[in-house]
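Data block below; observations after.
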Amino acid sequence: MAVNLGIGYEYEGLVITSIDYKPSPTKKRPDRITFTGATPGHESKRLTSSSTSKSDSNSTSTLYQHNQTHEDAATFLYKCKYISGPDVKGQRVFEADRLSVKAAHKEFVKRYGKECKPLFAIHGFNSEPGTVMKKCKQAQGRFDDDENNSHDEKKKKKKKKTTTAIIPVIWPCINSIGLRYHVDKNENVPEAEKEFKMLLGNAMNVFQSKNLICHSMGNQVLRRVANGNLKFDNIFMVAADVRHDIFHANYINSAMNRDAVEKDGLRIYRMLSKHTTGPNAGKPKGKIYCLYNNYDFALALSPWAGMNWVNRLGQVGIGSYNDSWWRPVVGFKKFDEKRLVHPMLYGYTENVCAYDSLSWKDYKSHGYQWDEFAIDFYKSKIEGGERRSAVVSRSSSSSPSSSQPSPVQKPAPDCMTESLEALSSMLFCDRDAKGK
(Lines give C-alpha, C1' and ligand atoms only; values in the text may rest on other atoms or scores of the structure.)
Protein backbone atom coordinates (compact mmCIF):
# COMPACT_ATOMS: atom_id res chain seq x y z
CA MET A 1 0.00 0.00 0.00
CA ALA A 2 1.38 3.40 -0.99
CA VAL A 3 2.11 5.76 1.89
CA ASN A 4 1.87 9.51 1.34
CA LEU A 5 3.78 11.79 3.70
CA GLY A 6 3.38 15.27 2.27
CA ILE A 7 6.19 17.81 1.97
CA GLY A 8 7.17 18.99 5.43
CA TYR A 9 6.40 15.70 7.19
CA GLU A 10 8.68 15.44 10.21
CA TYR A 11 9.66 12.69 12.62
CA GLU A 12 10.37 14.68 15.77
CA GLY A 13 12.23 11.97 17.68
CA LEU A 14 15.58 10.24 17.24
CA VAL A 15 16.49 7.92 14.37
CA ILE A 16 19.50 5.72 13.68
CA THR A 17 20.48 5.18 10.06
CA SER A 18 23.14 3.38 8.06
CA ILE A 19 21.97 5.01 4.82
CA ASP A 20 24.77 7.06 3.26
CA TYR A 21 24.12 10.74 3.86
CA LYS A 22 25.36 14.02 2.41
CA PRO A 23 26.69 16.70 4.79
CA SER A 24 24.65 19.86 4.07
CA PRO A 25 25.47 22.35 6.85
CA THR A 26 23.98 25.80 7.25
CA LYS A 27 25.05 28.64 9.55
CA LYS A 28 22.38 27.78 12.07
CA ARG A 29 22.64 24.01 11.61
CA PRO A 30 26.29 22.96 11.27
CA ASP A 31 25.41 19.27 11.60
CA ARG A 32 22.63 19.28 8.99
CA ILE A 33 22.66 16.36 6.52
CA THR A 34 20.41 15.15 3.70
CA PHE A 35 19.65 11.62 2.57
CA THR A 36 17.26 9.68 0.39
CA GLY A 37 15.74 6.23 0.44
CA ALA A 38 17.01 5.70 -3.12
CA THR A 39 20.61 5.43 -1.87
CA PRO A 40 21.79 1.84 -2.40
CA GLY A 41 23.03 -0.14 0.56
CA HIS A 42 25.98 -1.78 -1.18
CA GLU A 43 27.17 1.11 -3.32
CA SER A 44 30.30 -0.65 -4.60
CA LYS A 45 27.99 -3.12 -6.39
CA ARG A 46 24.94 -0.98 -7.13
CA LEU A 47 26.82 2.08 -8.47
CA THR A 48 29.40 0.24 -10.57
CA SER A 49 28.41 -0.78 -14.09
CA SER A 50 30.22 -3.34 -16.21
CA SER A 51 31.39 -0.55 -18.50
CA THR A 52 33.18 1.40 -15.78
CA SER A 53 36.06 0.66 -13.51
CA LYS A 54 35.32 -0.67 -10.04
CA SER A 55 38.11 1.44 -8.62
CA ASP A 56 37.06 4.17 -6.21
CA SER A 57 39.73 6.40 -7.75
CA ASN A 58 38.03 6.53 -11.16
CA SER A 59 36.84 10.15 -11.09
CA THR A 60 34.30 9.56 -13.86
CA SER A 61 32.49 6.71 -12.11
CA THR A 62 29.18 7.14 -10.31
CA LEU A 63 30.66 5.31 -7.34
CA TYR A 64 33.56 7.75 -7.05
CA GLN A 65 31.25 10.76 -7.20
CA HIS A 66 28.98 9.19 -4.58
CA ASN A 67 31.89 8.54 -2.21
CA GLN A 68 33.15 12.09 -2.65
CA THR A 69 29.86 13.63 -1.53
CA HIS A 70 28.39 11.11 0.93
CA GLU A 71 29.39 9.77 4.34
CA ASP A 72 29.45 5.99 4.60
CA ALA A 73 28.75 5.53 8.31
CA ALA A 74 25.86 4.89 10.70
CA THR A 75 24.75 7.79 12.88
CA PHE A 76 21.99 9.17 15.08
CA LEU A 77 19.67 11.68 13.44
CA TYR A 78 17.27 14.20 14.95
CA LYS A 79 14.26 15.94 13.42
CA CYS A 80 14.12 14.05 10.13
CA LYS A 81 12.03 16.06 7.68
CA TYR A 82 10.81 15.35 4.15
CA ILE A 83 11.92 18.40 2.15
CA SER A 84 11.83 17.59 -1.57
CA GLY A 85 11.35 14.99 -4.28
CA PRO A 86 8.21 13.15 -5.40
CA ASP A 87 6.08 11.79 -2.55
CA VAL A 88 6.85 8.29 -3.72
CA LYS A 89 8.71 5.44 -2.09
CA GLY A 90 12.44 5.78 -2.65
CA GLN A 91 12.33 9.27 -4.20
CA ARG A 92 11.85 11.44 -1.12
CA VAL A 93 14.72 13.59 0.12
CA PHE A 94 15.05 14.14 3.87
CA GLU A 95 17.04 16.53 6.00
CA ALA A 96 18.08 15.97 9.62
CA ASP A 97 20.66 16.93 12.22
CA ARG A 98 23.44 14.43 12.84
CA LEU A 99 24.14 13.62 16.49
CA SER A 100 26.85 11.72 18.35
CA VAL A 101 25.72 8.94 20.70
CA LYS A 102 26.33 11.20 23.71
CA ALA A 103 24.41 14.10 22.15
CA ALA A 104 21.57 11.75 21.15
CA HIS A 105 21.23 10.53 24.73
CA LYS A 106 21.20 14.11 26.01
CA GLU A 107 18.45 15.01 23.52
CA PHE A 108 16.49 11.87 24.44
CA VAL A 109 16.51 12.76 28.14
CA LYS A 110 15.61 16.37 27.37
CA ARG A 111 12.64 15.29 25.26
CA TYR A 112 11.28 12.35 27.27
CA GLY A 113 12.85 12.50 30.74
CA LYS A 114 15.27 10.24 32.58
CA GLU A 115 12.70 7.53 33.29
CA CYS A 116 11.69 6.96 29.66
CA LYS A 117 13.00 3.76 28.07
CA PRO A 118 14.07 3.72 24.41
CA LEU A 119 12.76 0.97 22.14
CA PHE A 120 15.11 0.61 19.18
CA ALA A 121 13.21 -0.78 16.18
CA ILE A 122 14.98 -2.45 13.23
CA HIS A 123 12.65 -2.74 10.23
CA GLY A 124 12.51 -5.56 7.72
CA PHE A 125 12.54 -6.17 3.97
CA ASN A 126 11.39 -3.59 1.43
CA SER A 127 10.98 -0.67 3.84
CA GLU A 128 11.59 2.96 2.85
CA PRO A 129 12.64 5.57 5.47
CA GLY A 130 9.49 7.70 5.25
CA THR A 131 7.23 4.68 5.55
CA VAL A 132 9.18 3.35 8.53
CA MET A 133 9.11 6.68 10.35
CA LYS A 134 5.39 7.17 9.74
CA LYS A 135 4.56 3.70 11.07
CA CYS A 136 6.77 4.23 14.11
CA LYS A 137 5.10 7.58 14.78
CA GLN A 138 1.69 5.91 14.64
CA ALA A 139 2.90 3.12 16.93
CA GLN A 140 4.22 5.71 19.38
CA GLY A 141 0.71 7.10 19.63
CA ARG A 142 -0.53 3.65 20.62
CA PHE A 143 2.25 3.32 23.21
CA ASP A 144 1.11 6.64 24.67
CA ASP A 145 -2.51 5.44 24.67
CA ASP A 146 -3.44 8.30 22.34
CA GLU A 147 -4.93 10.25 25.23
CA ASN A 148 -3.98 13.42 23.40
CA ASN A 149 -6.38 12.44 20.61
CA SER A 150 -9.21 11.71 22.98
CA HIS A 151 -12.54 13.57 22.74
CA ASP A 152 -12.34 13.94 26.51
CA GLU A 153 -11.01 17.44 27.15
CA LYS A 154 -9.73 16.44 30.61
CA LYS A 155 -7.56 13.73 29.06
CA LYS A 156 -6.23 16.17 26.51
CA LYS A 157 -5.12 18.50 29.26
CA LYS A 158 -3.53 15.64 31.22
CA LYS A 159 -1.23 14.44 28.48
CA LYS A 160 0.31 11.13 29.47
CA LYS A 161 4.06 11.15 29.90
CA THR A 162 5.90 8.96 27.39
CA THR A 163 7.42 5.99 29.22
CA THR A 164 8.64 4.11 26.14
CA ALA A 165 9.97 5.99 23.09
CA ILE A 166 10.51 4.29 19.72
CA ILE A 167 13.79 4.97 17.93
CA PRO A 168 13.62 3.66 14.32
CA VAL A 169 16.78 1.98 13.06
CA ILE A 170 16.72 2.35 9.27
CA TRP A 171 18.94 0.71 6.69
CA PRO A 172 18.81 0.89 2.88
CA CYS A 173 16.62 -1.63 1.13
CA ILE A 174 14.80 0.26 -1.62
CA ASN A 175 16.24 -2.17 -4.19
CA SER A 176 14.18 -4.99 -2.72
CA ILE A 177 11.13 -5.02 -4.94
CA GLY A 178 9.53 -8.35 -5.81
CA LEU A 179 12.28 -10.70 -6.97
CA ARG A 180 15.03 -8.45 -5.54
CA TYR A 181 14.67 -9.84 -2.02
CA HIS A 182 18.12 -11.40 -2.28
CA VAL A 183 19.67 -7.94 -2.80
CA ASP A 184 18.54 -6.95 0.68
CA LYS A 185 19.67 -10.17 2.27
CA ASN A 186 22.97 -10.79 0.52
CA GLU A 187 24.16 -7.23 -0.12
CA ASN A 188 22.34 -4.63 1.98
CA VAL A 189 22.23 -6.54 5.27
CA PRO A 190 26.02 -7.17 5.29
CA GLU A 191 26.60 -3.49 4.45
CA ALA A 192 24.29 -2.42 7.29
CA GLU A 193 26.20 -4.79 9.57
CA LYS A 194 29.50 -3.09 8.76
CA GLU A 195 28.19 0.40 9.44
CA PHE A 196 26.07 -0.39 12.49
CA LYS A 197 28.99 -2.16 14.15
CA MET A 198 30.89 1.14 14.02
CA LEU A 199 28.09 2.83 15.97
CA LEU A 200 26.59 0.12 18.16
CA GLY A 201 29.29 -0.46 20.75
CA ASN A 202 29.91 0.25 24.41
CA ALA A 203 29.04 3.92 23.90
CA MET A 204 25.41 2.94 23.25
CA ASN A 205 25.12 1.74 26.84
CA VAL A 206 24.76 5.38 27.86
CA PHE A 207 21.10 4.44 27.22
CA GLN A 208 21.08 2.30 30.36
CA SER A 209 17.64 0.74 30.16
CA LYS A 210 16.72 0.03 26.57
CA ASN A 211 14.82 -2.55 24.55
CA LEU A 212 15.03 -3.86 20.99
CA ILE A 213 12.47 -5.01 18.44
CA CYS A 214 13.46 -6.56 15.10
CA HIS A 215 10.94 -7.33 12.38
CA SER A 216 11.35 -9.85 9.56
CA MET A 217 14.75 -9.38 7.87
CA GLY A 218 15.68 -6.94 10.61
CA ASN A 219 16.48 -10.10 12.55
CA GLN A 220 19.15 -10.87 9.96
CA VAL A 221 20.67 -7.50 10.84
CA LEU A 222 20.41 -8.41 14.53
CA ARG A 223 22.22 -11.73 14.20
CA ARG A 224 25.02 -10.06 12.27
CA VAL A 225 25.59 -7.18 14.70
CA ALA A 226 24.97 -9.20 17.88
CA ASN A 227 27.52 -8.08 20.43
CA GLY A 228 27.62 -9.01 24.10
CA ASN A 229 28.90 -5.53 24.95
CA LEU A 230 25.64 -3.96 23.76
CA LYS A 231 22.88 -4.59 26.30
CA PHE A 232 19.07 -4.59 26.11
CA ASP A 233 16.54 -5.40 28.83
CA ASN A 234 14.33 -7.30 26.37
CA ILE A 235 14.69 -8.38 22.75
CA PHE A 236 11.56 -8.87 20.63
CA MET A 237 12.02 -10.94 17.47
CA VAL A 238 8.87 -10.48 15.36
CA ALA A 239 8.10 -12.55 12.23
CA ALA A 240 11.81 -13.33 12.25
CA ASP A 241 13.34 -14.31 8.92
CA VAL A 242 16.12 -16.41 10.43
CA ARG A 243 16.38 -20.18 10.68
CA HIS A 244 14.07 -21.63 13.34
CA ASP A 245 16.82 -23.50 15.23
CA ILE A 246 19.11 -20.50 15.77
CA PHE A 247 18.77 -21.01 19.56
CA HIS A 248 18.92 -24.82 19.53
CA ALA A 249 21.74 -26.64 21.27
CA ASN A 250 22.50 -28.96 18.34
CA TYR A 251 22.85 -26.06 15.90
CA ILE A 252 24.94 -23.94 18.27
CA ASN A 253 27.18 -26.85 19.23
CA SER A 254 27.87 -27.61 15.57
CA ALA A 255 30.02 -24.46 15.33
CA MET A 256 33.61 -25.10 14.32
CA ASN A 257 34.91 -21.97 16.07
CA ARG A 258 33.66 -19.16 18.31
CA ASP A 259 33.16 -16.78 15.37
CA ALA A 260 30.99 -19.22 13.41
CA VAL A 261 27.45 -18.17 12.40
CA GLU A 262 26.11 -21.10 14.42
CA LYS A 263 27.03 -19.10 17.54
CA ASP A 264 24.77 -16.19 16.61
CA GLY A 265 22.02 -17.39 18.96
CA LEU A 266 24.37 -17.22 21.94
CA ARG A 267 25.60 -13.80 20.87
CA ILE A 268 22.01 -12.52 20.80
CA TYR A 269 21.38 -14.01 24.25
CA ARG A 270 24.47 -12.28 25.64
CA MET A 271 22.94 -8.94 24.62
CA LEU A 272 20.43 -9.28 27.46
CA SER A 273 21.33 -6.98 30.35
CA LYS A 274 21.83 -8.68 33.72
CA HIS A 275 21.03 -7.99 37.34
CA THR A 276 24.06 -6.67 39.20
CA THR A 277 22.85 -7.09 42.77
CA GLY A 278 20.48 -9.22 44.81
CA PRO A 279 19.55 -12.91 44.53
CA ASN A 280 19.36 -12.71 40.72
CA ALA A 281 22.79 -11.11 40.28
CA GLY A 282 24.37 -12.29 37.04
CA LYS A 283 21.06 -13.43 35.54
CA PRO A 284 19.29 -11.68 32.64
CA LYS A 285 16.70 -9.05 33.54
CA GLY A 286 14.43 -9.91 30.64
CA LYS A 287 14.02 -12.41 27.81
CA ILE A 288 14.18 -12.99 24.10
CA TYR A 289 10.56 -12.90 22.93
CA CYS A 290 9.57 -14.53 19.66
CA LEU A 291 6.30 -13.42 18.05
CA TYR A 292 5.38 -15.97 15.39
CA ASN A 293 2.53 -16.86 13.05
CA ASN A 294 2.22 -20.36 11.58
CA TYR A 295 0.25 -18.95 8.66
CA ASP A 296 2.76 -16.14 7.85
CA PHE A 297 2.38 -15.85 4.06
CA ALA A 298 5.71 -14.06 3.51
CA LEU A 299 7.75 -16.71 5.32
CA ALA A 300 5.82 -19.69 3.96
CA LEU A 301 7.91 -20.05 0.80
CA SER A 302 11.37 -19.87 2.35
CA PRO A 303 11.91 -23.64 2.80
CA TRP A 304 11.08 -24.08 -0.90
CA ALA A 305 12.51 -21.20 -2.86
CA GLY A 306 15.35 -20.72 -0.40
CA MET A 307 16.33 -24.35 -1.01
CA ASN A 308 17.46 -24.66 2.60
CA TRP A 309 14.51 -26.76 3.84
CA VAL A 310 14.70 -24.94 7.16
CA ASN A 311 11.59 -23.28 8.55
CA ARG A 312 11.90 -19.69 9.72
CA LEU A 313 11.72 -18.66 13.37
CA GLY A 314 8.77 -16.38 12.64
CA GLN A 315 6.76 -19.37 11.45
CA VAL A 316 7.21 -21.86 14.28
CA GLY A 317 8.75 -20.16 17.33
CA ILE A 318 11.73 -21.04 19.53
CA GLY A 319 12.21 -24.66 20.61
CA SER A 320 10.08 -26.21 17.88
CA TYR A 321 10.81 -29.30 15.82
CA ASN A 322 11.48 -28.91 12.10
CA ASP A 323 9.52 -32.08 11.41
CA SER A 324 7.99 -30.88 8.16
CA TRP A 325 10.57 -30.07 5.48
CA TRP A 326 8.05 -29.19 2.79
CA ARG A 327 5.93 -26.64 4.67
CA PRO A 328 5.19 -25.62 8.29
CA VAL A 329 2.62 -27.81 10.01
CA VAL A 330 -0.03 -25.27 10.88
CA GLY A 331 -1.42 -25.73 14.37
CA PHE A 332 0.51 -28.90 15.17
CA LYS A 333 4.04 -27.61 15.67
CA LYS A 334 5.16 -29.07 19.00
CA PHE A 335 7.49 -27.27 21.36
CA ASP A 336 10.20 -29.04 23.30
CA GLU A 337 12.29 -26.18 24.63
CA LYS A 338 13.93 -28.07 27.45
CA ARG A 339 15.33 -30.61 25.05
CA LEU A 340 16.02 -28.41 22.04
CA VAL A 341 17.02 -24.96 23.33
CA HIS A 342 20.63 -24.44 24.40
CA PRO A 343 20.84 -24.82 28.21
CA MET A 344 22.36 -21.35 28.59
CA LEU A 345 19.22 -19.84 27.04
CA TYR A 346 16.63 -22.11 28.61
CA GLY A 347 14.25 -20.06 30.75
CA TYR A 348 15.12 -16.82 28.96
CA THR A 349 13.03 -17.25 25.81
CA GLU A 350 9.29 -16.96 25.35
CA ASN A 351 7.04 -17.63 22.38
CA VAL A 352 4.03 -15.48 21.54
CA CYS A 353 1.45 -16.88 19.12
CA ALA A 354 0.38 -13.90 17.01
CA TYR A 355 -2.08 -16.01 15.03
CA ASP A 356 -4.60 -16.10 17.86
CA SER A 357 -4.68 -12.30 18.03
CA LEU A 358 -5.05 -11.67 14.30
CA SER A 359 -8.41 -11.11 12.63
CA TRP A 360 -9.85 -13.55 10.12
CA LYS A 361 -8.84 -11.38 7.16
CA ASP A 362 -5.30 -10.87 8.52
CA TYR A 363 -4.48 -14.37 9.73
CA LYS A 364 -1.71 -14.76 7.10
CA SER A 365 -0.15 -11.48 8.20
CA HIS A 366 3.59 -10.89 8.24
CA GLY A 367 3.56 -7.20 9.16
CA TYR A 368 1.83 -7.32 12.54
CA GLN A 369 4.73 -5.83 14.54
CA TRP A 370 2.83 -2.63 15.33
CA ASP A 371 -0.64 -4.13 15.75
CA GLU A 372 -2.40 -3.22 18.98
CA PHE A 373 -2.01 -6.68 20.55
CA ALA A 374 1.73 -6.64 19.80
CA ILE A 375 2.27 -3.16 21.26
CA ASP A 376 0.23 -4.20 24.28
CA PHE A 377 2.57 -7.14 24.76
CA TYR A 378 5.73 -5.04 24.41
CA LYS A 379 4.40 -2.56 26.96
CA SER A 380 3.64 -5.30 29.46
CA LYS A 381 7.24 -6.48 29.31
CA ILE A 382 8.92 -3.07 29.13
CA GLU A 383 6.74 -1.10 31.52
CA GLY A 384 5.15 -3.89 33.55
CA GLY A 385 1.50 -4.34 34.35
CA GLU A 386 -1.19 -6.52 32.83
CA ARG A 387 -1.92 -6.85 29.12
CA ARG A 388 -5.25 -5.50 27.94
CA SER A 389 -5.51 -7.78 24.91
CA ALA A 390 -5.34 -11.54 24.90
CA VAL A 391 -2.03 -12.91 23.69
CA VAL A 392 -1.03 -16.58 23.86
CA SER A 393 2.53 -16.84 25.13
CA ARG A 394 4.72 -19.68 26.28
CA SER A 395 7.87 -19.39 28.34
CA SER A 396 10.72 -21.81 27.70
CA SER A 397 10.32 -22.91 31.30
CA SER A 398 6.85 -24.20 30.48
CA SER A 399 6.14 -27.88 30.28
CA PRO A 400 8.03 -29.22 27.25
CA SER A 401 5.27 -31.65 26.46
CA SER A 402 2.76 -28.89 25.77
CA SER A 403 2.05 -27.75 22.23
CA GLN A 404 0.64 -24.74 20.50
CA PRO A 405 -3.09 -24.17 20.73
CA SER A 406 -4.80 -25.72 17.75
CA PRO A 407 -6.42 -22.98 15.66
CA VAL A 408 -10.08 -23.60 15.01
CA GLN A 409 -11.66 -20.22 14.42
CA LYS A 410 -10.02 -19.55 11.05
CA PRO A 411 -9.98 -21.74 7.94
CA ALA A 412 -6.81 -23.59 7.03
CA PRO A 413 -5.15 -22.03 3.98
CA ASP A 414 -4.75 -23.95 0.78
CA CYS A 415 -1.07 -24.86 0.39
CA MET A 416 -0.82 -23.93 -3.30
CA THR A 417 -2.73 -20.66 -2.87
CA GLU A 418 -0.55 -19.60 0.05
CA SER A 419 2.63 -20.43 -1.88
CA LEU A 420 1.52 -18.45 -4.93
CA GLU A 421 0.66 -15.45 -2.77
CA ALA A 422 4.06 -15.60 -1.12
CA LEU A 423 5.81 -15.95 -4.47
CA SER A 424 4.04 -12.89 -5.83
CA SER A 425 5.25 -10.93 -2.81
CA MET A 426 8.87 -12.00 -2.73
CA LEU A 427 11.30 -14.70 -3.73
CA PHE A 428 13.52 -16.07 -1.01
CA CYS A 429 17.06 -16.78 -2.12
CA ASP A 430 18.74 -18.35 0.93
CA ARG A 431 21.47 -20.37 -0.72
CA ASP A 432 23.54 -20.87 2.42
CA ALA A 433 21.52 -23.43 4.34
CA LYS A 434 24.18 -23.68 7.01
CA GLY A 435 24.08 -20.13 8.28
CA LYS A 436 20.81 -18.61 7.08
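Following the order of the C-alpha coordinates, chains are lettered A, B, ..., residues in each are numbered from 1, and ligands are numbered from 1.
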What's around His244 (chain A) at 7 Å? Count only C-alpha atoms, leave out sequence neighbours fewer than 3 positions away in its own chain, and write the answer as a list in words.
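The residues satisfying every condition are Asn311, Arg312, Leu313, Val316, Gly317 and Ile318 of chain A.
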For a quick check of understanding, using only C-alpha atoms, which of A:Thr34, A:Thr277, A:Ser100, A:Gln369 has the smallest distance to Ala139 (chain A)?
A:Gln369
Neighbours of Arg142 (chain A) within 10 Å (only C-alpha atoms; same-chain residues fewer than 4 positions away dropped), as a PyMOL selection string?
chain A and resi 136-138+146-147+370-372+375-376
With only C-alpha atoms as the basis for distance, which of A:Leu212, A:Leu266, A:Val88, A:Ala240 is at the shortest distance from Leu5 (chain A)?
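Nearest to Leu5 (chain A): A:Val88.
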What is the distance between CA of Gly384 (chain A) and CA of Glu107 (chain A), in Å to one decimal?
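If I compute the distance from CA of Gly384 (chain A) to CA of Glu107 (chain A), I get 25.2 Å.
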Residues near Ala165 (chain A), anyone? I mean within 8 Å using only C-alpha atoms, not counting same-chain ones fewer than 6 positions away, as an mmCIF file with N, CA, C and O atoms, in the first residue's frame.
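Contents of out38.cif, as written:
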```cif
data_model
loop_
_atom_site.group_PDB
_atom_site.id
_atom_site.type_symbol
_atom_site.label_atom_id
_atom_site.label_comp_id
_atom_site.auth_asym_id
_atom_site.auth_seq_id
_atom_site.Cartn_x
_atom_site.Cartn_y
_atom_site.Cartn_z
ATOM 1 N N TYR A 112 12.175 13.322 26.635
ATOM 2 C CA TYR A 112 11.285 12.350 27.273
ATOM 3 C C TYR A 112 11.469 12.210 28.782
ATOM 4 O O TYR A 112 10.613 11.632 29.449
ATOM 5 N N CYS A 116 12.179 7.545 30.919
ATOM 6 C CA CYS A 116 11.687 6.955 29.659
ATOM 7 C C CYS A 116 12.681 5.937 29.113
ATOM 8 O O CYS A 116 13.894 6.151 29.134
ATOM 9 N N LYS A 117 12.157 4.832 28.616
ATOM 10 C CA LYS A 117 12.999 3.763 28.074
ATOM 11 C C LYS A 117 12.937 3.764 26.547
ATOM 12 O O LYS A 117 11.846 3.737 25.970
ATOM 13 N N PRO A 118 14.078 3.772 25.872
ATOM 14 C CA PRO A 118 14.068 3.722 24.410
ATOM 15 C C PRO A 118 13.787 2.315 23.888
ATOM 16 O O PRO A 118 14.253 1.332 24.473
ATOM 17 N N LEU A 119 13.021 2.232 22.827
ATOM 18 C CA LEU A 119 12.763 0.968 22.135
ATOM 19 C C LEU A 119 13.320 1.114 20.723
ATOM 20 O O LEU A 119 12.724 1.747 19.864
ATOM 21 N N GLN A 140 3.933 4.943 18.167
ATOM 22 C CA GLN A 140 4.216 5.709 19.380
ATOM 23 C C GLN A 140 2.927 6.236 19.995
ATOM 24 O O GLN A 140 2.772 6.257 21.221
#
```
Excluding Asn4 (chain A) and its own-chain neighbours fewer than 5 positions away, which residues fall within 9 Å of it when counting only C-alpha atoms? Please give them as a list in words.
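Skipping anything fewer than 5 positions along the chain leaves Asp87, Val88, Lys89, Gly130 and Thr131 of chain A.
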Report, in Å with one decimal, the straight-line distance from CA of Leu301 (chain A) to CA of Val225 (chain A).
25.9 Å
So the first atom is CA of Phe236 (chain A) and the second is CA of Ile213 (chain A); what is the distance between them in Å, to one decimal place?
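These atoms are spaced 4.5 Å apart.
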